[in-house]
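*Asks:* One structure coming up, written as structure tokens, with questions to follow.
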Amino acid sequence: MATIALLSVLAFTTIMPIVFVVVTSFKTSEDYAANKIGLPNPWTLDNLVRAWERAHVSDYAMNSFIVVSMAVVLIVITSAPAGYALVHLRFPFRRLGLVAIVALLLIPTTVLMVPLFRTVQQMGLLNSFVGLALVYATLNLPFSVYLMVAYMHGVPREILEAAEVDGASIFRRFLNVAIPLTLPGVLTVATLNFVWLWNELLFALLFLQEKSMRTLIVGVALLRGQHTSDIPLVAAGLLLSMIPPVLVFVFLQRSLARGLTAGAVK
Amino acid sequence: MTSSDGATTRLGRQSRETVAAVVLLLPAIALLVVFFAWPALQAIWLGFTRWDGFGDPKWIGIDNYVRMLDDEAFQTAVFNNLKILLAVPIWVALPFLVASAIHDRVGGSRAFRLAFFFPAILSTVVVGVFWGILLRDDGPVNEALRAVGLGGLAQPWLAQTSTALPVVIAIIIWASFGIGVVIFLAALGTLDQDQLDAAQVDGAGWWRTQWHIIVPEVRPVIEFYTVIVVITVFTGIFPIIYTLTAGGPGYSTLVLEYDIYREAFANGSLGYASAIGVVLFLMVTLIASVGIRVMRQPAGRS
């Protein structure tokens with residue numbers, strides 16, 4: 001009983017702040033000034049409309065969507081073949097490749113902030129969606145390849161050999177046998193990366209400095225709750241920016257769980 | 001004839017697979033070399049230069065590292081990172097105990113799991129911005145304290161040196177412990193329930209059961225999570241600092257990650273920032289490897 005009480009208190013602290021954001025985004029500024037904790041009186045959609053239009057949430061969301069989609073596509077089309085090769089093909093330095101992936105996993109990406117800035121600048125890719133997408137794809141690649149290796153281990157060797165006997169080339173075996181069998185895994189890689197990258201701040205801040213090119217999370221971060229006066233507008237911006245990752249998690253929860261366990265078993 | 005035939009087809013097969021592997025790996029390798037490995041090497045070189053971000057970096061030897069010796073901001077950042085490191089035991093124990101409690105016997109465990117995991121879905125930016133609002137001087141937390149007669153406790157949480165860092169640490173733990181709960185629940189699900197029940201029958205209390213039976217069983221998972229948390233301490237809290245305090249008041253919440261960003265992109269000292277990055281990397285590597293060794297030791301003895 002005491003345990004349930006403690007857990008409930010903890011659950012209260014995790015849920016309340018989010019309820020606060022949702023409720024506040026429906027309040028008028030005057031209402032919020034007088035009534036910070038209670039329910040809105042009156043309810044208003046004004047903040048959401050203003051955030052969407054005047055605070056550029058719609059534009060920034062579009063920017064985020066463009067960059068993150070490009071990065072996720074890049075990650076999938078590079079990590080899936082890499083995972084397949086590392087597991088199902090025999091070639092020199094295969095072990096070294098696996099070790100290198102793990103080694104890269106351990107390098108904190110913040111350390112790369114200055115040299116990456118230089119690289120991207122030298123390539124003329126500052127303030128370009130492509131530049132940020134390339135950086136995003138690369139920074140998350142070690143983890144994604146690592147996951148794909150785990151999923152590819154789940155593809156039975158016998159099936160691949162049967163396909164080979166039937167005359168399927170290596171690339172056919174990869175595309176027509178391995179990929180369909182690891183689809184939950186591919187989907188997991190795509191989902192996790194989508195959510196992480198949608199929420200990424202540091203590199204978006206560095207590489208897209210043009211105001212019109214900001215990602216949504218950068219736009220939100222610049223609101224900085226400590227120094228703004230129009231709190232309901234900020235709350236509305238927060239609420240809108242939470243929607244895509246939450247939706248992705250809700251819709252893909254089941255396939256996500258399946259993908260993760262498939263990877264864990266092997 | 002047949003044997004040499006077999007040899008050539010085997011050789012042919014081997015080289016075909018090698019060619020295919022190169023083709024399949026090339027896109028990933030190209031990205032990793034250009035945007036990861038090469039910049040990582042450049043970080044070391046840039047640490048020995050003075051660079052304002054526009055012209056060419058100028059070699060200045062170890063000057064950047066000498067400069068750290070009397071850079072108050074840098075040193076405060078190192079100490080702040082170490083202070084946050086002191087919170088790691090709570091950071092690991094809290095989700096573990098919550099997972100154990102949920103696993104045991106609690107009704108509504110699904111609801112709890114969802115509630116605890118929810119903050120982990122949110123961007124740390126979102127977390128930082130709304131806690132910033134909640135903890136303002138005139139914000140709802142202080143308002144609520146006053147409303148229940150605890151007005152004496154109301155204070156400018158993030159604007160005074162005494163509370164800023166502890167509050168930031170609490171928020172970071174808040175935002176991430178749901179992930180720990182999910183990881184530990186998965187580990188507890190693999191335990192032998194009969195053994196646990198036997199311990200209960202033998203009269204071992206809840207805490208004793210946790211410590212003597214469950215902790216040793218899930219030790220690898222605890223170690224794994226601890227390593228993740230330690231790495232987060234050094235490389236995962238930039239968004240929280242950026243949105244909550246910008247390192248202030250003074251340098252009281254400045255951490256190395258933020259100091260790198262500040263030196264590079266606010267002060268225009270990209271060479272110096274790169275050197276701090278090298279120090280950060282060495283600290284993470286050192287602490288993670290020492291930590292792993294320390295955690296492994298008692299297991300070896302018992």
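To be explicit about the labels: the chains of the structure tokens are called A, B, and onward in the order shown, and within each one the residues are counted from 1, while ligands get numbers from 1 in the order they are shown.
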Any idea what's packed within 10 Å of Pro156 of chain A, counting only C-alpha atoms, ignoring anything in its chain fewer than 4 positions away? Could you give it as a list of chain:residue names?

*Replies:*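 Returned residues: A:His88, A:Met152, A:Leu160, A:Glu161, A:Ala178, A:Leu181.
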
*Asks:* Could you produce a table of the residues of chain A lying within 7 Å of chain B, with the nearest pair of atoms per residue and their separation in Å rounded to one decimal, using only C-alpha atoms, ordered by chain and increasing residue number, as JSON lines?

*Replies:*
```
{"residue": "A:Thr3", "atom": "CA", "partner": "B:Ala101", "partner_atom": "CA", "distance": 6.9}
{"residue": "A:Ile4", "atom": "CA", "partner": "B:Val106", "partner_atom": "CA", "distance": 6.7}
{"residue": "A:Ala11", "atom": "CA", "partner": "B:Ala115", "partner_atom": "CA", "distance": 5.7}
{"residue": "A:Thr14", "atom": "CA", "partner": "B:Phe116", "partner_atom": "CA", "distance": 6.2}
{"residue": "A:Ile15", "atom": "CA", "partner": "B:Ala115", "partner_atom": "CA", "distance": 6.3}
{"residue": "A:Lys36", "atom": "CA", "partner": "B:Pro140", "partner_atom": "CA", "distance": 5.6}
{"residue": "A:Ile37", "atom": "CA", "partner": "B:Pro140", "partner_atom": "CA", "distance": 6.1}
{"residue": "A:Thr78", "atom": "CA", "partner": "B:Ala28", "partner_atom": "CA", "distance": 5.1}
{"residue": "A:Ser79", "atom": "CA", "partner": "B:Ala28", "partner_atom": "CA", "distance": 6.5}
{"residue": "A:Pro81", "atom": "CA", "partner": "B:Leu24", "partner_atom": "CA", "distance": 5.1}
{"residue": "A:Ala82", "atom": "CA", "partner": "B:Leu25", "partner_atom": "CA", "distance": 4.7}
{"residue": "A:Ala85", "atom": "CA", "partner": "B:Ala21", "partner_atom": "CA", "distance": 5.2}
{"residue": "A:Leu89", "atom": "CA", "partner": "B:Glu17", "partner_atom": "CA", "distance": 5.9}
{"residue": "A:Arg90", "atom": "CA", "partner": "B:Glu17", "partner_atom": "CA", "distance": 6.2}
{"residue": "A:Phe91", "atom": "CA", "partner": "B:Thr18", "partner_atom": "CA", "distance": 4.8}
{"residue": "A:Pro108", "atom": "CA", "partner": "B:Thr235", "partner_atom": "CA", "distance": 6.2}
{"residue": "A:Thr110", "atom": "CA", "partner": "B:Thr235", "partner_atom": "CA", "distance": 6.2}
{"residue": "A:Val111", "atom": "CA", "partner": "B:Gly277", "partner_atom": "CA", "distance": 4.7}
{"residue": "A:Leu112", "atom": "CA", "partner": "B:Ala40", "partner_atom": "CA", "distance": 6.1}
{"residue": "A:Val114", "atom": "CA", "partner": "B:Ser274", "partner_atom": "CA", "distance": 6.0}
{"residue": "A:Pro115", "atom": "CA", "partner": "B:Pro39", "partner_atom": "CA", "distance": 5.0}
{"residue": "A:Leu116", "atom": "CA", "partner": "B:Pro39", "partner_atom": "CA", "distance": 5.6}
{"residue": "A:Thr119", "atom": "CA", "partner": "B:Pro39", "partner_atom": "CA", "distance": 7.0}
{"residue": "A:Val135", "atom": "CA", "partner": "B:Phe35", "partner_atom": "CA", "distance": 6.3}
{"residue": "A:Thr138", "atom": "CA", "partner": "B:Leu31", "partner_atom": "CA", "distance": 5.7}
{"residue": "A:Leu139", "atom": "CA", "partner": "B:Phe36", "partner_atom": "CA", "distance": 7.0}
{"residue": "A:Asn199", "atom": "CA", "partner": "B:Ser123", "partner_atom": "CA", "distance": 4.9}
{"residue": "A:Leu201", "atom": "CA", "partner": "B:Pro239", "partner_atom": "CA", "distance": 6.4}
{"residue": "A:Ile217", "atom": "CA", "partner": "B:Val125", "partner_atom": "CA", "distance": 6.9}
{"residue": "A:Ala221", "atom": "CA", "partner": "B:Thr243", "partner_atom": "CA", "distance": 5.7}
{"residue": "A:Arg224", "atom": "CA", "partner": "B:Thr243", "partner_atom": "CA", "distance": 5.2}
{"residue": "A:Gly225", "atom": "CA", "partner": "B:Ile133", "partner_atom": "CA", "distance": 4.6}
{"residue": "A:Gln226", "atom": "CA", "partner": "B:Gly132", "partner_atom": "CA", "distance": 5.2}
{"residue": "A:Leu238", "atom": "CA", "partner": "B:Val126", "partner_atom": "CA", "distance": 6.2}
{"residue": "A:Met242", "atom": "CA", "partner": "B:Leu122", "partner_atom": "CA", "distance": 6.6}
{"residue": "A:Val246", "atom": "CA", "partner": "B:Ile121", "partner_atom": "CA", "distance": 6.8}
```

*Asks:* Given the choices A:Gly124, A:Val76, A:Phe129, A:Ala100, which gets closest to Leu183 of chain A if the distance is worked out from only C-alpha atoms?

*Replies:*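 Of A:Gly124, A:Val76, A:Phe129, A:Ala100, the one nearest Leu183 of chain A, counting only C-alpha atoms, is A:Val76.
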
*Asks:* From the set A:Thr228, A:Ala33, A:Ala103, A:Gly38, which residue has the shortest atom-to-atom contact distance to Phe20 of chain A, counting only C-alpha atoms?

*Replies:*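 Checking each of A:Thr228, A:Ala33, A:Ala103, A:Gly38 against Phe20 of chain A, counting only C-alpha atoms, the winner is A:Gly38.
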
*Asks:* Looking only at alpha helix (DSSP H) from DSSP on the backbone, list the matching residues of segment 38-194 of chain A as a VMD selection string.

*Replies:* chain A and resid 46 to 53 57 to 88 94 to 105 113 to 122 129 to 153 157 to 165 170 to 172 179 to 181 183 to 194

*Asks:* Would you pick out the contacts of Asp230 of chain A at 10 Å or less, using only C-alpha atoms, so that residues sharing its chain but fewer than 2 positions from it are not included, and give the list as a list of chain:residue names?

*Replies:*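 Here the qualifying residues turn out to be A:Thr28, A:Ser29, A:Glu30, A:Tyr32, A:Ala33, A:Asn47, A:Leu223, A:Gly225, A:His227, A:Thr228, A:Pro232, A:Leu233, A:Val234, A:Ala235.
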